[in-house]
$ cat my_file34.tsv   # TSV, C-alpha atoms
chain	number	residue	atom	x	y	z
A	62	MET	CA	-52.90	-12.63	94.07
A	63	ILE	CA	-50.70	-10.14	92.15
A	64	ILE	CA	-51.41	-11.90	88.86
A	65	LYS	CA	-55.15	-11.86	89.61
A	66	ASN	CA	-55.09	-8.12	90.41
A	67	ASN	CA	-53.14	-7.32	87.25
A	68	THR	CA	-55.58	-9.37	85.16
A	69	THR	CA	-58.55	-7.58	86.72
A	70	LYS	CA	-57.02	-4.16	86.04
A	71	LEU	CA	-56.27	-5.13	82.46
A	72	LEU	CA	-59.84	-6.36	81.89
A	73	VAL	CA	-61.26	-3.14	83.37
A	74	THR	CA	-58.98	-1.07	81.12
A	75	LEU	CA	-59.92	-3.05	78.00
A	76	SER	CA	-63.63	-2.85	78.84
A	77	PHE	CA	-63.32	0.91	79.25
A	78	LEU	CA	-61.58	1.19	75.88
A	79	LEU	CA	-64.41	-0.71	74.18
A	80	ILE	CA	-67.03	1.61	75.70
A	81	LEU	CA	-65.07	4.86	75.15
A	82	PRO	CA	-65.52	5.15	71.34
A	83	PHE	CA	-69.32	5.03	71.69
A	84	VAL	CA	-69.16	7.81	74.29
A	85	GLN	CA	-66.86	9.81	72.01
A	86	LYS	CA	-69.32	9.44	69.15
A	87	GLN	CA	-72.06	10.92	71.34
A	88	TRP	CA	-69.80	13.83	72.23
A	89	PHE	CA	-69.09	14.28	68.52
A	90	ASN	CA	-72.82	14.36	67.72
A	91	LEU	CA	-73.36	17.06	70.35
A	92	TYR	CA	-70.29	18.90	69.12
A	93	SER	CA	-71.58	18.76	65.52
A	94	LEU	CA	-74.77	20.59	66.52
A	95	ASN	CA	-72.73	23.71	67.18
A	96	ILE	CA	-69.54	23.06	65.28
A	97	ASN	CA	-68.67	26.72	64.66
A	98	ASN	CA	-68.50	27.64	68.35
A	99	ILE	CA	-66.44	26.34	71.23
A	100	SER	CA	-68.59	24.39	73.64
A	101	PHE	CA	-68.18	22.02	76.56
A	102	TYR	CA	-68.71	19.00	74.30
A	103	SER	CA	-66.30	20.25	71.65
A	104	ILE	CA	-63.59	20.54	74.33
A	105	LEU	CA	-64.49	17.08	75.65
A	106	TYR	CA	-64.32	15.61	72.16
A	107	TYR	CA	-60.94	17.18	71.44
A	108	LEU	CA	-59.46	16.11	74.77
A	109	SER	CA	-60.88	12.58	74.48
A	110	GLY	CA	-58.39	11.87	71.70
A	111	ALA	CA	-55.64	11.70	74.33
A	112	ILE	CA	-57.42	9.20	76.63
A	113	CYS	CA	-56.60	5.99	74.76
A	114	PRO	CA	-52.95	6.92	73.98
A	115	SER	CA	-52.44	7.86	77.64
A	116	LEU	CA	-53.82	4.51	78.82
A	117	VAL	CA	-51.60	2.71	76.30
A	118	CYS	CA	-48.55	4.52	77.63
A	119	LEU	CA	-49.40	3.90	81.29
A	120	ASN	CA	-49.97	0.20	80.63
A	121	SER	CA	-46.79	-0.08	78.58
A	122	LEU	CA	-44.72	1.71	81.20
A	123	LYS	CA	-46.04	-0.51	83.96
A	124	ASN	CA	-46.13	-3.89	82.21
A	125	TYR	CA	-43.90	-3.73	79.12
A	126	THR	CA	-40.82	-1.84	80.31
A	127	TYR	CA	-39.27	-3.22	83.50
A	128	TYR	CA	-38.99	-6.91	82.68
A	129	ASN	CA	-37.70	-9.54	85.08
A	130	PHE	CA	-36.59	-12.99	83.97
A	131	ASN	CA	-35.66	-16.11	85.89
A	132	LYS	CA	-31.92	-16.77	85.68
A	133	ASP	CA	-31.82	-19.71	88.08
A	134	LYS	CA	-29.72	-22.64	86.96
A	135	ILE	CA	-28.71	-20.94	83.72
A	136	HIS	CA	-25.98	-23.50	83.11
A	137	SER	CA	-28.38	-26.43	83.32
A	138	ILE	CA	-30.69	-25.25	80.55
A	139	LYS	CA	-30.27	-24.69	76.84
A	140	ILE	CA	-28.28	-21.57	76.04
A	141	ILE	CA	-27.40	-19.32	73.12
A	142	LYS	CA	-23.80	-18.22	72.77
A	143	GLY	CA	-21.01	-17.56	70.29
A	144	LYS	CA	-21.81	-16.55	66.69
A	145	ARG	CA	-25.50	-17.29	67.05
A	146	LEU	CA	-25.75	-14.88	69.96
A	147	LEU	CA	-23.72	-12.25	68.07
A	148	PHE	CA	-26.11	-12.50	65.11
A	149	LEU	CA	-29.15	-12.29	67.40
A	150	VAL	CA	-27.77	-9.27	69.27
A	151	ALA	CA	-26.81	-7.41	66.09
A	152	ILE	CA	-30.11	-8.03	64.29
A	153	ASN	CA	-32.30	-7.11	67.25
A	154	LEU	CA	-30.26	-4.08	68.28
A	155	ILE	CA	-30.07	-2.62	64.78
A	156	PHE	CA	-33.73	-3.31	64.03
A	157	LEU	CA	-34.97	-1.78	67.31
A	158	SER	CA	-32.68	1.24	66.94
A	159	TYR	CA	-33.90	1.82	63.38
A	160	LEU	CA	-37.55	1.61	64.46
A	161	ILE	CA	-36.97	4.12	67.26
A	162	ALA	CA	-35.05	6.55	65.03
A	163	ASP	CA	-37.70	6.33	62.31
A	164	TYR	CA	-40.54	6.74	64.80
A	165	ILE	CA	-39.01	9.84	66.39
A	166	TYR	CA	-38.42	11.31	62.93
A	167	ILE	CA	-42.14	10.79	62.11
A	168	ASN	CA	-42.98	12.85	65.20
A	169	PHE	CA	-40.72	15.75	64.23
A	170	ASP	CA	-42.01	15.66	60.66
A	171	LEU	CA	-45.62	15.93	61.88
A	172	ILE	CA	-44.70	18.84	64.19
A	173	PHE	CA	-43.08	20.81	61.39
A	174	ASN	CA	-45.84	20.10	58.88
A	175	LEU	CA	-48.67	20.96	61.27
A	176	LEU	CA	-47.21	23.77	63.37
A	177	LEU	CA	-44.36	25.20	61.33
A	178	GLU	CA	-45.66	25.21	57.77
A	179	GLY	CA	-43.15	26.12	55.13
A	180	ILE	CA	-40.22	24.65	57.06
A	181	ASP	CA	-39.20	21.25	55.75
A	182	VAL	CA	-37.58	18.69	58.01
A	183	PRO	CA	-34.38	17.56	56.29
A	184	LYS	CA	-34.56	13.91	55.31
A	185	LEU	CA	-31.94	11.73	56.91
A	186	ASP	CA	-29.34	10.39	54.54
A	187	ILE	CA	-27.62	7.05	55.13
A	188	PRO	CA	-24.66	8.45	57.17
A	189	GLN	CA	-26.99	10.49	59.40
A	190	LEU	CA	-29.39	7.59	59.88
A	191	SER	CA	-26.48	5.28	60.67
A	192	PHE	CA	-25.23	7.74	63.29
A	193	PHE	CA	-28.62	7.90	65.02
A	194	ILE	CA	-28.95	4.11	64.91
A	195	PHE	CA	-25.50	3.80	66.49
A	196	LEU	CA	-26.35	6.38	69.18
A	197	ILE	CA	-29.64	4.69	70.05
A	198	SER	CA	-27.90	1.31	70.13
A	199	ILE	CA	-25.49	2.63	72.74
A	200	LEU	CA	-28.39	3.92	74.85
A	201	LEU	CA	-30.15	0.55	74.62
A	202	ILE	CA	-27.14	-1.30	75.97
A	203	PHE	CA	-27.25	0.46	79.34
A	204	LYS	CA	-30.14	-0.22	81.68
A	205	LYS	CA	-30.97	3.33	82.84
A	206	SER	CA	-30.71	4.90	79.41
A	207	ARG	CA	-32.78	2.04	77.95
A	208	PHE	CA	-35.63	2.82	80.35
A	209	LEU	CA	-35.30	6.54	79.59
A	210	LEU	CA	-35.47	5.78	75.89
A	211	LYS	CA	-38.62	3.72	76.41
A	212	LYS	CA	-40.27	6.66	78.17
A	213	ILE	CA	-39.32	8.93	75.26
A	214	ILE	CA	-40.91	6.42	72.87
A	215	LEU	CA	-44.14	6.46	74.89
A	216	VAL	CA	-44.26	10.26	74.90
A	217	ASN	CA	-43.61	10.10	71.18
A	218	PHE	CA	-46.59	7.74	70.80
A	219	ILE	CA	-48.93	10.12	72.65
A	220	LEU	CA	-47.81	13.09	70.57
A	221	ILE	CA	-48.23	11.27	67.25
A	222	SER	CA	-51.65	9.96	68.34
A	223	VAL	CA	-52.77	13.49	69.25
A	224	TYR	CA	-51.48	14.87	65.93
A	225	LEU	CA	-53.41	12.19	64.02
A	226	TRP	CA	-56.51	12.98	66.06
A	227	HIS	CA	-56.12	16.65	65.09
A	228	LEU	CA	-55.75	15.68	61.42
A	229	GLN	CA	-58.93	13.61	61.52
A	230	ILE	CA	-61.05	16.19	63.34
A	231	ASN	CA	-60.02	18.96	60.96
A	232	ASN	CA	-60.13	16.74	57.83
A	233	ILE	CA	-56.51	17.52	56.98
A	234	SER	CA	-55.38	15.21	54.20
A	235	VAL	CA	-52.04	13.44	54.43
A	236	ASP	CA	-50.01	13.57	51.25
A	237	ASP	CA	-46.40	12.92	50.33
A	238	GLN	CA	-45.22	15.99	52.25
A	239	PHE	CA	-45.72	13.93	55.43
A	240	TYR	CA	-43.06	11.35	56.17
A	241	ILE	CA	-45.69	8.95	57.50
A	242	TYR	CA	-47.04	8.87	53.94
A	243	ARG	CA	-44.33	6.30	53.18
A	244	TYR	CA	-46.43	3.81	55.16
A	245	PHE	CA	-49.54	4.72	53.23
A	246	GLY	CA	-50.15	1.17	52.09
A	247	LEU	CA	-52.59	1.39	55.00
A	248	SER	CA	-55.36	3.97	54.77
A	249	ASP	CA	-55.73	4.29	58.55
A	250	LEU	CA	-52.90	6.33	60.06
A	251	ASN	CA	-53.83	5.16	63.55
A	252	LEU	CA	-53.12	1.58	62.48
A	253	ILE	CA	-49.75	2.65	61.11
A	254	ASN	CA	-48.94	4.28	64.44
A	255	LEU	CA	-50.06	1.18	66.37
A	256	PHE	CA	-48.20	-1.31	64.16
A	257	ILE	CA	-44.96	0.64	64.58
A	258	MET	CA	-45.53	0.74	68.34
A	259	VAL	CA	-46.25	-3.01	68.49
A	260	ALA	CA	-43.05	-3.72	66.54
A	261	ILE	CA	-41.09	-1.57	69.01
A	262	GLU	CA	-42.74	-3.27	72.02
A	263	ILE	CA	-41.92	-6.77	70.76
A	264	SER	CA	-38.38	-5.85	69.80
A	265	PHE	CA	-37.87	-4.05	73.14
A	266	TYR	CA	-39.05	-7.14	75.00
A	267	THR	CA	-36.69	-9.35	72.99
A	268	TRP	CA	-33.80	-7.00	73.68
A	269	SER	CA	-34.67	-6.89	77.40
A	270	PHE	CA	-34.52	-10.67	77.47
A	271	ILE	CA	-31.18	-10.80	75.66
A	272	SER	CA	-29.52	-8.06	77.71
A	273	TYR	CA	-31.00	-9.05	81.09
A	274	LYS	CA	-28.54	-8.53	83.94
A	275	THR	CA	-25.17	-10.17	83.05
A	276	ASN	CA	-26.28	-12.03	79.92
A	277	LEU	CA	-24.18	-9.95	77.53
A	278	SER	CA	-21.17	-9.64	79.80
A	279	ASP	CA	-21.20	-13.42	80.29
A	280	TRP	CA	-22.02	-13.82	76.59
A	281	ILE	CA	-24.55	-16.49	77.48
A	282	VAL	CA	-28.30	-16.11	76.99
A	283	PRO	CA	-30.75	-18.85	78.00
A	284	LYS	CA	-33.18	-19.99	75.36
A	285	PRO	CA	-36.68	-18.70	76.12
A	286	ARG	CA	-38.96	-21.06	77.96
A	287	LYS	CA	-42.73	-21.29	77.80
A	288	TRP	CA	-43.41	-18.64	80.45
A	289	ASP	CA	-41.05	-16.21	78.68
A	290	ILE	CA	-43.56	-16.07	75.81
A	291	ILE	CA	-46.38	-14.80	78.07
A	292	PRO	CA	-45.37	-11.07	77.93
A	293	PHE	CA	-45.12	-11.37	74.13
A	294	LEU	CA	-48.69	-12.70	73.98
A	295	ASN	CA	-49.89	-10.02	76.41
A	296	ILE	CA	-48.52	-7.32	74.12
A	297	LEU	CA	-50.35	-8.76	71.11
A	298	ILE	CA	-53.63	-9.17	73.02
A	299	PHE	CA	-53.51	-5.67	74.50
A	300	TYR	CA	-52.77	-3.92	71.21
A	301	PHE	CA	-55.38	-6.06	69.45
A	302	PHE	CA	-57.99	-4.40	71.68
A	303	ILE	CA	-56.48	-0.98	70.93
A	304	ILE	CA	-56.93	-1.73	67.22
A	305	ILE	CA	-60.57	-2.67	67.91
A	306	TYR	CA	-61.00	0.64	69.75
A	307	TYR	CA	-59.83	2.66	66.75
A	308	SER	CA	-61.87	0.49	64.40
A	309	ILE	CA	-65.05	1.25	66.37
A	310	LEU	CA	-64.16	4.93	66.61
A	311	THR	CA	-63.78	5.33	62.86
$ encode --input "my_file34.tsv" --output "C-alpha coordinates"
Amino acid sequence: MIIKNNTTKLLVTLSFLLILPFVQKQWFNLYSLNINNISFYSILYYLSGAICPSLVCLNSLKNYTYYNFNKDKIHSIKIIKGKRLLFLVAINLIFLSYLIADYIYINFDLIFNLLLEGIDVPKLDIPQLSFFIFLISILLIFKKSRFLLKKIILVNFILISVYLWHLQINNISVDDQFYIYRYFGLSDLNLINLFIMVAIEISFYTWSFISYKTNLSDWIVPKPRKWDIIPFLNILIFYFFIIIYYSILT
(Lines of atoms letter the chains of each structure in order from A and count residues from 1; the text may use other names and numbers.)
(Lines give C-alpha, C1' and ligand atoms only; values in the text may rest on other atoms or scores of the structure.)
Protein backbone atom coordinates (compact mmCIF):
# COMPACT_ATOMS: atom_id res chain seq x y z
CA MET A 1 0.00 0.00 0.00
CA ILE A 2 2.85 2.41 0.86
CA ILE A 3 4.62 1.65 -2.42
CA LYS A 4 1.37 2.21 -4.33
CA ASN A 5 0.78 5.57 -2.61
CA ASN A 6 4.33 6.71 -3.28
CA THR A 7 4.02 5.72 -6.95
CA THR A 8 0.74 7.62 -7.27
CA LYS A 9 2.24 10.75 -5.70
CA LEU A 10 5.25 10.53 -7.99
CA LEU A 11 3.05 10.16 -11.09
CA VAL A 12 0.94 13.15 -10.02
CA THR A 13 4.08 15.22 -9.47
CA LEU A 14 5.57 14.26 -12.84
CA SER A 15 2.28 14.95 -14.63
CA PHE A 16 2.14 18.37 -13.00
CA LEU A 17 5.70 19.11 -14.12
CA LEU A 18 4.83 18.23 -17.73
CA ILE A 19 1.82 20.59 -17.68
CA LEU A 20 3.55 23.44 -15.81
CA PRO A 21 5.81 24.71 -18.65
CA PHE A 22 2.79 25.22 -20.93
CA VAL A 23 1.07 27.23 -18.19
CA GLN A 24 4.26 29.24 -17.65
CA LYS A 25 4.42 30.03 -21.36
CA GLN A 26 0.89 31.44 -21.19
CA TRP A 27 1.86 33.57 -18.22
CA PHE A 28 4.90 34.74 -20.19
CA ASN A 29 2.71 35.72 -23.16
CA LEU A 30 0.46 37.77 -20.88
CA TYR A 31 3.50 39.24 -19.16
CA SER A 32 5.01 40.20 -22.54
CA LEU A 33 1.95 42.31 -23.39
CA ASN A 34 2.92 44.74 -20.65
CA ILE A 35 6.57 43.97 -20.08
CA ASN A 36 7.53 47.44 -18.83
CA ASN A 37 5.13 47.40 -15.89
CA ILE A 38 4.71 45.10 -12.93
CA SER A 39 1.53 43.07 -13.26
CA PHE A 40 -0.10 40.05 -11.68
CA TYR A 41 1.13 37.80 -14.50
CA SER A 42 4.66 39.17 -14.39
CA ILE A 43 4.82 38.30 -10.68
CA LEU A 44 3.35 34.86 -11.39
CA TYR A 45 5.88 34.25 -14.14
CA TYR A 46 8.81 35.28 -11.95
CA LEU A 47 7.65 33.19 -9.00
CA SER A 48 6.90 30.17 -11.19
CA GLY A 49 10.63 29.68 -11.70
CA ALA A 50 10.85 28.37 -8.13
CA ILE A 51 8.04 25.78 -8.46
CA CYS A 52 9.99 23.01 -10.18
CA PRO A 53 13.17 23.40 -8.05
CA SER A 54 11.03 23.33 -4.91
CA LEU A 55 9.30 20.12 -6.01
CA VAL A 56 12.68 18.58 -6.84
CA CYS A 57 13.97 19.41 -3.37
CA LEU A 58 10.86 18.11 -1.58
CA ASN A 59 10.99 14.85 -3.52
CA SER A 60 14.72 14.47 -2.95
CA LEU A 61 14.41 15.17 0.76
CA LYS A 62 11.61 12.64 1.15
CA ASN A 63 12.82 9.86 -1.15
CA TYR A 64 16.55 10.31 -1.78
CA THR A 65 17.95 11.26 1.63
CA TYR A 66 16.94 8.89 4.44
CA TYR A 67 17.80 5.52 2.94
CA ASN A 68 17.17 2.19 4.65
CA PHE A 69 18.82 -1.04 3.57
CA ASN A 70 18.27 -4.64 4.57
CA LYS A 71 21.17 -5.92 6.67
CA ASP A 72 19.68 -9.32 7.51
CA LYS A 73 22.05 -12.24 7.23
CA ILE A 74 24.95 -10.04 6.16
CA HIS A 75 27.42 -12.86 6.75
CA SER A 76 25.59 -15.24 4.44
CA ILE A 77 25.76 -13.03 1.36
CA LYS A 78 28.58 -11.69 -0.77
CA ILE A 79 30.51 -8.91 0.92
CA ILE A 80 33.09 -6.23 0.16
CA LYS A 81 35.94 -5.79 2.60
CA GLY A 82 39.65 -5.10 2.91
CA LYS A 83 41.49 -3.14 0.20
CA ARG A 84 38.56 -3.22 -2.20
CA LEU A 85 36.34 -1.57 0.39
CA LEU A 86 39.05 1.00 1.20
CA PHE A 87 39.32 1.91 -2.49
CA LEU A 88 35.53 2.14 -2.83
CA VAL A 89 35.19 4.32 0.28
CA ALA A 90 38.02 6.67 -0.74
CA ILE A 91 36.84 7.13 -4.33
CA ASN A 92 33.21 7.71 -3.44
CA LEU A 93 33.92 9.97 -0.47
CA ILE A 94 36.41 12.16 -2.33
CA PHE A 95 34.25 12.36 -5.46
CA LEU A 96 31.08 13.28 -3.53
CA SER A 97 32.94 15.81 -1.38
CA TYR A 98 34.46 17.44 -4.47
CA LEU A 99 31.05 17.68 -6.18
CA ILE A 100 29.51 19.30 -3.10
CA ALA A 101 32.38 21.77 -2.65
CA ASP A 102 32.29 22.71 -6.34
CA TYR A 103 28.51 23.05 -6.34
CA ILE A 104 28.47 25.34 -3.31
CA TYR A 105 31.22 27.45 -4.88
CA ILE A 106 29.07 27.85 -8.04
CA ASN A 107 26.31 29.24 -5.83
CA PHE A 108 28.55 31.81 -4.14
CA ASP A 109 30.03 32.81 -7.49
CA LEU A 110 26.56 33.46 -8.92
CA ILE A 111 25.59 35.51 -5.85
CA PHE A 112 28.64 37.74 -6.13
CA ASN A 113 28.34 38.19 -9.89
CA LEU A 114 24.61 38.97 -9.83
CA LEU A 115 24.19 40.88 -6.57
CA LEU A 116 27.63 42.18 -5.69
CA GLU A 117 29.11 43.28 -8.99
CA GLY A 118 32.72 44.30 -8.91
CA ILE A 119 33.58 41.89 -6.10
CA ASP A 120 35.30 38.77 -7.36
CA VAL A 121 35.01 35.49 -5.51
CA PRO A 122 38.55 34.21 -4.95
CA LYS A 123 39.18 31.00 -6.85
CA LEU A 124 40.06 28.05 -4.68
CA ASP A 125 43.61 26.84 -5.02
CA ILE A 126 44.54 23.19 -4.50
CA PRO A 127 45.29 23.48 -0.72
CA GLN A 128 42.02 25.35 -0.09
CA LEU A 129 40.00 22.92 -2.20
CA SER A 130 41.65 19.98 -0.45
CA PHE A 131 40.72 21.46 2.93
CA PHE A 132 37.06 21.85 1.96
CA ILE A 133 36.98 18.33 0.53
CA PHE A 134 38.44 17.01 3.78
CA LEU A 135 35.92 18.99 5.87
CA ILE A 136 32.96 17.80 3.81
CA SER A 137 34.26 14.23 3.98
CA ILE A 138 34.22 14.41 7.77
CA LEU A 139 30.63 15.69 7.71
CA LEU A 140 29.58 12.87 5.39
CA ILE A 141 30.90 10.22 7.74
CA PHE A 142 28.49 11.12 10.54
CA LYS A 143 24.79 10.46 10.06
CA LYS A 144 23.31 13.72 11.39
CA SER A 145 25.81 15.98 9.66
CA ARG A 146 25.35 13.99 6.43
CA PHE A 147 21.61 14.71 6.46
CA LEU A 148 22.28 18.37 7.28
CA LEU A 149 24.70 18.55 4.36
CA LYS A 150 22.08 17.06 2.04
CA LYS A 151 19.60 19.76 3.07
CA ILE A 152 22.23 22.43 2.36
CA ILE A 153 22.75 20.90 -1.10
CA LEU A 154 19.01 21.07 -1.79
CA VAL A 155 18.82 24.72 -0.72
CA ASN A 156 21.84 25.32 -2.92
CA PHE A 157 19.97 23.72 -5.85
CA ILE A 158 16.94 26.00 -5.38
CA LEU A 159 19.11 29.11 -5.19
CA ILE A 160 21.10 28.24 -8.32
CA SER A 161 17.89 27.38 -10.19
CA VAL A 162 16.36 30.74 -9.23
CA TYR A 163 19.54 32.60 -10.28
CA LEU A 164 19.49 30.86 -13.67
CA TRP A 165 15.81 31.71 -14.05
CA HIS A 166 16.68 35.37 -13.36
CA LEU A 167 19.46 35.24 -15.96
CA GLN A 168 17.12 33.85 -18.59
CA ILE A 169 14.27 36.27 -17.93
CA ASN A 170 16.57 39.28 -18.08
CA ASN A 171 18.67 37.93 -20.98
CA ILE A 172 21.88 38.19 -18.97
CA SER A 173 24.66 36.43 -20.85
CA VAL A 174 26.99 34.06 -19.04
CA ASP A 175 30.64 34.55 -19.88
CA ASP A 176 33.93 33.47 -18.35
CA GLN A 177 33.41 35.71 -15.32
CA PHE A 178 30.92 33.10 -14.07
CA TYR A 179 32.43 29.96 -12.59
CA ILE A 180 29.66 27.86 -14.11
CA TYR A 181 31.10 28.87 -17.48
CA ARG A 182 33.66 26.10 -17.01
CA TYR A 183 30.84 23.65 -17.77
CA PHE A 184 29.85 25.57 -20.87
CA GLY A 185 30.27 22.56 -23.13
CA LEU A 186 26.49 22.55 -22.65
CA SER A 187 24.56 25.58 -23.84
CA ASP A 188 21.71 25.06 -21.37
CA LEU A 189 22.70 26.11 -17.85
CA ASN A 190 19.67 24.35 -16.39
CA LEU A 191 21.00 21.06 -17.75
CA ILE A 192 24.38 21.76 -16.17
CA ASN A 193 22.66 22.37 -12.84
CA LEU A 194 20.61 19.18 -13.17
CA PHE A 195 23.53 16.98 -14.23
CA ILE A 196 25.57 18.13 -11.23
CA MET A 197 22.59 17.44 -8.97
CA VAL A 198 22.06 13.96 -10.47
CA ALA A 199 25.74 13.14 -9.94
CA ILE A 200 25.44 14.24 -6.30
CA GLU A 201 22.22 12.22 -5.80
CA ILE A 202 23.76 9.03 -7.20
CA SER A 203 26.99 9.45 -5.27
CA PHE A 204 25.04 10.29 -2.08
CA TYR A 205 22.98 7.12 -2.49
CA THR A 206 26.14 5.05 -3.01
CA TRP A 207 27.73 6.58 0.07
CA SER A 208 24.56 5.97 2.11
CA PHE A 209 24.71 2.32 1.12
CA ILE A 210 28.39 2.00 2.01
CA SER A 211 28.13 3.81 5.35
CA TYR A 212 24.78 2.35 6.43
CA LYS A 213 24.63 1.70 10.17
CA THR A 214 27.74 -0.29 11.26
CA ASN A 215 29.10 -1.11 7.81
CA LEU A 216 32.21 1.04 8.15
CA SER A 217 32.86 0.23 11.79
CA ASP A 218 32.60 -3.48 10.97
CA TRP A 219 34.53 -2.83 7.75
CA ILE A 220 32.14 -5.11 5.90
CA VAL A 221 29.71 -3.93 3.22
CA PRO A 222 27.30 -6.32 1.48
CA LYS A 223 27.35 -6.32 -2.28
CA PRO A 224 24.24 -4.61 -3.65
CA ARG A 225 21.37 -6.86 -4.58
CA LYS A 226 18.73 -6.33 -7.23
CA TRP A 227 16.36 -4.30 -5.04
CA ASP A 228 19.23 -2.01 -3.99
CA ILE A 229 19.35 -0.73 -7.58
CA ILE A 230 15.72 0.48 -7.48
CA PRO A 231 16.46 3.88 -5.79
CA PHE A 232 19.24 4.45 -8.35
CA LEU A 233 16.76 3.88 -11.19
CA ASN A 234 14.16 6.09 -9.48
CA ILE A 235 16.66 8.95 -9.36
CA LEU A 236 17.41 8.63 -13.08
CA ILE A 237 13.72 8.42 -14.02
CA PHE A 238 12.71 11.37 -11.86
CA TYR A 239 15.45 13.68 -13.13
CA PHE A 240 14.79 12.55 -16.70
CA PHE A 241 11.33 14.10 -16.37
CA ILE A 242 12.85 17.25 -14.87
CA ILE A 243 15.07 17.50 -17.95
CA ILE A 244 11.96 17.12 -20.14
CA TYR A 245 10.30 19.93 -18.15
CA TYR A 246 13.16 22.34 -18.86
CA SER A 247 13.32 21.22 -22.48
CA ILE A 248 9.63 22.07 -22.96
CA LEU A 249 10.03 25.35 -21.11
CA THR A 250 12.85 26.56 -23.33
$ atom_distance --input "my_file34.tsv" --atom1 "atom CA of Asn168 of chain A" --atom2 "atom CA of Cys118 of chain A"
16.0 Å
$ residues_around --input "my_file34.tsv" --residues "Ile213 of chain A" --least-positions-apart "5" --cutoff "10 Å" --atoms "only C-alpha atoms" --output "VMD selection string"
chain A and resid 161 165 207 to 208 218
$ closest_residue --input "my_file34.tsv" --among "A:Leu310, A:Ala162, A:Val282, A:Val73" --to "Arg145 of chain A" --atoms "only C-alpha atoms"
A:Val282
$ closest_residue --input "my_file34.tsv" --among "A:Ile303, A:Leu297, A:Leu277, A:Ile291" --to "Phe203 of chain A" --atoms "all atoms listed in the file"
A:Leu277
$ closest_residue --input "my_file34.tsv" --among "A:Tyr166, A:Phe256, A:Phe193, A:Phe265" --to "Ile304 of chain A" --atoms "only C-alpha atoms"
A:Phe256
$ atom_distance --input "my_file34.tsv" --atom1 "atom CA of Lys212 of chain A" --atom2 "atom CA of Phe130 of chain A"
20.8 Å
$ residues_around --input "my_file34.tsv" --residues "Trp226 of chain A" --least-positions-apart "2" --cutoff "12 Å" --atoms "all atoms listed in the file" --output "list in words"
Tyr106, Tyr107, Leu108, Ser109, Gly110, Ala111, Ile112, Cys113, Pro114, Ile219, Leu220, Ile221, Ser222, Val223, Tyr224, Leu228, Gln229, Ile230, Asn231, Asn232, Ile233, Asp249, Leu250, Asn251, Asn254, Tyr307, Leu310 and Thr311 of chain A
$ atom_distance --input "my_file34.tsv" --atom1 "atom CA of Leu210 of chain A" --atom2 "atom CA of Trp288 of chain A"
26.1 Å
